[in-house]
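> A single structure is presented below for examination.
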Amino acid sequence: MSLAHPSFEAPGWRWLKARVWGLEHAFERARAAGKAEDDTRIRIFFVLTLFAVAFLVLAVGATRAALFSDAGRGGGYVGAVGAARADLVDRNGAMLAADLLHYGLYVDPREIWDADEVRRALRAALPDINRQRLEKVLRGERRGFVIAGLTPEQRARVHALGLPGVSFEPEERRVYPLGRTAAHLIGFADTGGVGLAGAERALNDVIRAGAPGKAAVPLSIDLRVQAALEDELYKAAAEFQPRGAVGVVTNVHTGEILGLASYPTYDPNQVAKASDDAKLNRAAASIYEMGSTFKAFTVAIGLDTGVATPSSTFDARQPFQLGYRTIKDYHAARKILTLVEVFQHSSNIGTAKLAESIGGERLSKYFADLGLTRPAKVELMESARPLTPRKWDMDAVASTSFGHGMNVSPLAVTSAMGALLNGGYLVPLTIRKLEPGQRPQGQRAISEQTSLQMLQIMRANVIGGSGKSANAPGLSVGGKTGTGEKYDPAIRGYSTQRQVSSFAAVFPTSGPVEADRYFVLILLDEPHGTAKTYGYSTGGWVAAPAAGRVIDRIAPFLHVKREPDLIKVVGEGSVAAAPLGDGH
Amino acid sequence: MSLIDRKIRGFRLIDLVALGVLAAVILGVYLAKTIAGRERAEIATVEKQIDAEKARIRLLQAEVAHLEQPARIEALSSAHLGMVPVQARNEATLDNLGQVALGKKTP
């Protein structure tokens, strides 16, 4: 048998055919037919099968790789590995913090032939550029980093210059689009993606865990509530020039913080430029002797222990001697007061007498049950430890009954007040949004009956007591003023010039105990009285009006309906809005 | 003679068939790889565009959030429009829309 036209074939092809031909007839030469183990055809078939299988596997693999490979995907928006953080949003989904694509600028001096031109152009395009760093890179011998955090617009501007040796690398950067708004609650993270303050720190693990899918982490705050709170707090701060100020709004049933403001504030986008004072979250990290705001706790404890009823009377005609202290009233009523009147007049004498009846042991136990003897339960790491009396002697009982001798954070007061107003449960505060209708079960601190009584007493204080200026039309606001004199080491005593003035408000006080109810705290640290306040800088004059305005503005956002019957009472004019006496 | 042993011009049919199948598989893989590569390049381009658009959307969202800062809006509305926070008497609810329509004061 011969192959066709061998003379016209290339030698290589002839050689290949000869090899195949030889292989094909090898079995004939071997005369191995009938002996399977020596049959070359079987061996060849076996080897071919192996090759075919191997090739099929490769073919399937190659097809799969070609069709379903991830290679080549993405690349346009790849975050820095390990630094990525999920967005933070408010309870309605408004953006509070986000990782955004930025660019780092690099310069390779080896590709530059006119360093002066590059230097001049970069300085003109990027006025904030670090000149020393640019100079160092330009004078160096290899590619170096010059500036980070360029926005796409800035990148495009520099790119359009067509400078040689200038290149960019994408990077994620944490941005806080709202600037100063809710800065202390949101906090900030470092460039490595580690939260350093506020929610960024408190929820660091959650935020980082949510980054791969970019699932936003909703916070409890309502941006509308936050805005109204900040606006009124900053207006009060502008008017009374305090050293610092705090504003808090919470849902007393869920413990959700709906708004939190601390003054002075800062821009988390420019943390390096902010002072430590501005970065201090006074709501969580500062502790104050709250003054008469504490009387709400003493009165509630008196009611809960059965030591007093709302109609119990206390003789406030003369200063009261307790331990080695003589207790006086700032605005002496000089008469026998009922418990409600003690609250309305903010009588130190009446409150101290009530506290004496309660006794140190019970008073301290209730304070502990109300969470006032430990840091406020909240995710914020800044939550400060309170200063409490070492021993609960009569002096400590008297002092703490009206808010002295015990320093607590505004958030601790907020949490404890929530227990007085929500039916008696101490519910942990939270900066995370809870599911609608979810109400965490707290520890019972006082009875439901006491809680209802406190709502009425606090309402009475706004109708006819020191908290009149906090009233808001139709919202049945209740509250308690507080003015704590600050301890002055220079005089080794309490200063009458430096005060912590506050107003703790609740609305609406009407309705059943389980009705939606909100707490508002306004605190000004060392405010200064004005001609408008007749020089007073007490809680009733400086904090209560701001609290009332906050409530008036946020009620619609919280779906709190105004009661038409109550609107006229408030609308009677400025006389009704003036606090009783000095508003202490 | 079985089909396996049948020869065409000295080559067994089964070998020729196997060779043909092999060539077809090679061609198929080559074509699949080539076509898929082109498709993949297109997909990668589109995905890059999507990523870029997503980044742009996020930037715009942040820009909107920045521009809608409550303090900024309030300052602008107060300075340019003389607006103030809504007073209780100016609030309207679904219940009192009728009164509002009639020009009565709303509680």
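Identifiers in this document derive from the order of the structure tokens: chains are assigned A, B, ..., residues are numbered from 1 separately in each chain, and ligands are numbered from 1 in order of occurrence.
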Using only C-alpha atoms, select each residue of chain B with any atom at most 6 Å away from an atom of chain A, and give the selection as a list in words.
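The answer, sorted by residue number, is Lys33, Ala36, Ala44, Glu47, Lys48, Asp51, Ala52, Ala62, Ala65, His66, Gln69, Pro70 and Pro107 of chain B.
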> Let me see the file: selected residues, N, CA, C and O atoms, as a PDB file, in the first residue's frame.

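What ended up in again17.pdb:
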ATOM      1  N   LYS B  33     -13.338  30.039  23.384  1.00  0.00           N
ATOM      2  CA  LYS B  33     -12.416  30.923  24.106  1.00  0.00           C
ATOM      3  C   LYS B  33     -12.355  32.304  23.452  1.00  0.00           C
ATOM      4  O   LYS B  33     -12.370  33.330  24.127  1.00  0.00           O
ATOM      5  N   ALA B  36     -15.830  33.952  23.824  1.00  0.00           N
ATOM      6  CA  ALA B  36     -16.052  34.295  25.232  1.00  0.00           C
ATOM      7  C   ALA B  36     -15.114  35.409  25.664  1.00  0.00           C
ATOM      8  O   ALA B  36     -15.488  36.271  26.464  1.00  0.00           O
ATOM      9  N   ALA B  44     -16.573  43.133  30.937  1.00  0.00           N
ATOM     10  CA  ALA B  44     -15.686  43.855  31.856  1.00  0.00           C
ATOM     11  C   ALA B  44     -15.806  45.359  31.644  1.00  0.00           C
ATOM     12  O   ALA B  44     -15.832  46.137  32.609  1.00  0.00           O
ATOM     13  N   GLU B  47     -19.073  46.419  33.077  1.00  0.00           N
ATOM     14  CA  GLU B  47     -19.015  46.398  34.532  1.00  0.00           C
ATOM     15  C   GLU B  47     -18.181  47.545  35.080  1.00  0.00           C
ATOM     16  O   GLU B  47     -18.500  48.115  36.114  1.00  0.00           O
ATOM     17  N   LYS B  48     -17.122  47.869  34.378  1.00  0.00           N
ATOM     18  CA  LYS B  48     -16.324  49.022  34.791  1.00  0.00           C
ATOM     19  C   LYS B  48     -17.159  50.298  34.722  1.00  0.00           C
ATOM     20  O   LYS B  48     -17.083  51.161  35.593  1.00  0.00           O
ATOM     21  N   ASP B  51     -19.500  50.248  37.621  1.00  0.00           N
ATOM     22  CA  ASP B  51     -18.797  50.615  38.848  1.00  0.00           C
ATOM     23  C   ASP B  51     -18.515  52.115  38.894  1.00  0.00           C
ATOM     24  O   ASP B  51     -18.672  52.762  39.934  1.00  0.00           O
ATOM     25  N   ALA B  52     -18.083  52.619  37.742  1.00  0.00           N
ATOM     26  CA  ALA B  52     -17.789  54.055  37.685  1.00  0.00           C
ATOM     27  C   ALA B  52     -19.057  54.879  37.935  1.00  0.00           C
ATOM     28  O   ALA B  52     -19.035  55.886  38.647  1.00  0.00           O
ATOM     29  N   ALA B  62     -23.580  61.910  48.118  1.00  0.00           N
ATOM     30  CA  ALA B  62     -22.860  62.632  49.177  1.00  0.00           C
ATOM     31  C   ALA B  62     -22.944  64.131  48.941  1.00  0.00           C
ATOM     32  O   ALA B  62     -23.090  64.913  49.894  1.00  0.00           O
ATOM     33  N   ALA B  65     -26.346  65.199  49.974  1.00  0.00           N
ATOM     34  CA  ALA B  65     -26.425  65.235  51.437  1.00  0.00           C
ATOM     35  C   ALA B  65     -25.704  66.460  51.984  1.00  0.00           C
ATOM     36  O   ALA B  65     -26.176  67.115  52.921  1.00  0.00           O
ATOM     37  N   HIS B  66     -24.559  66.765  51.373  1.00  0.00           N
ATOM     38  CA  HIS B  66     -23.791  67.935  51.807  1.00  0.00           C
ATOM     39  C   HIS B  66     -24.574  69.229  51.563  1.00  0.00           C
ATOM     40  O   HIS B  66     -24.642  70.097  52.439  1.00  0.00           O
ATOM     41  N   GLN B  69     -27.552  69.852  53.945  1.00  0.00           N
ATOM     42  CA  GLN B  69     -27.310  69.960  55.386  1.00  0.00           C
ATOM     43  C   GLN B  69     -28.392  70.830  56.000  1.00  0.00           C
ATOM     44  O   GLN B  69     -28.614  71.961  55.536  1.00  0.00           O
ATOM     45  N   PRO B  70     -29.045  70.330  57.023  1.00  0.00           N
ATOM     46  CA  PRO B  70     -30.136  71.105  57.618  1.00  0.00           C
ATOM     47  C   PRO B  70     -29.733  72.529  58.002  1.00  0.00           C
ATOM     48  O   PRO B  70     -30.472  73.477  57.748  1.00  0.00           O
ATOM     49  N   PRO B 107     -55.947  74.673  64.690  1.00  0.00           N
ATOM     50  CA  PRO B 107     -55.448  74.586  66.049  1.00  0.00           C
ATOM     51  C   PRO B 107     -54.042  74.004  66.074  1.00  0.00           C
ATOM     52  O   PRO B 107     -53.667  73.270  65.193  1.00  0.00           O
TER      53      PRO B 107
END
> Which residues are close to Asn251 of chain A, i.e. within 9 Å by only C-alpha atoms, leaving aside same-chain residues fewer than 2 positions away? Reply as a list in words.
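Using only C-alpha atoms, the neighbours found are Val249, His253, Thr254, Gly255, Glu256, Ile257, Leu258, Gly418, Asp516, Arg517, Tyr518 and Phe519 of chain A.
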> State, in Å with one decimal place, the distance from atom CA of Arg120 of chain A to atom CA of Ala148 of chain A.
18.5 Å
> Going by DSSP on the backbone, which residues of segment 387-571 of chain A come out as strand (DSSP E or B)? List them as a PyMOL selection string.
chain A and resi 387+407-408+425-426+430+432+443-444+478-488+493-507+518-525
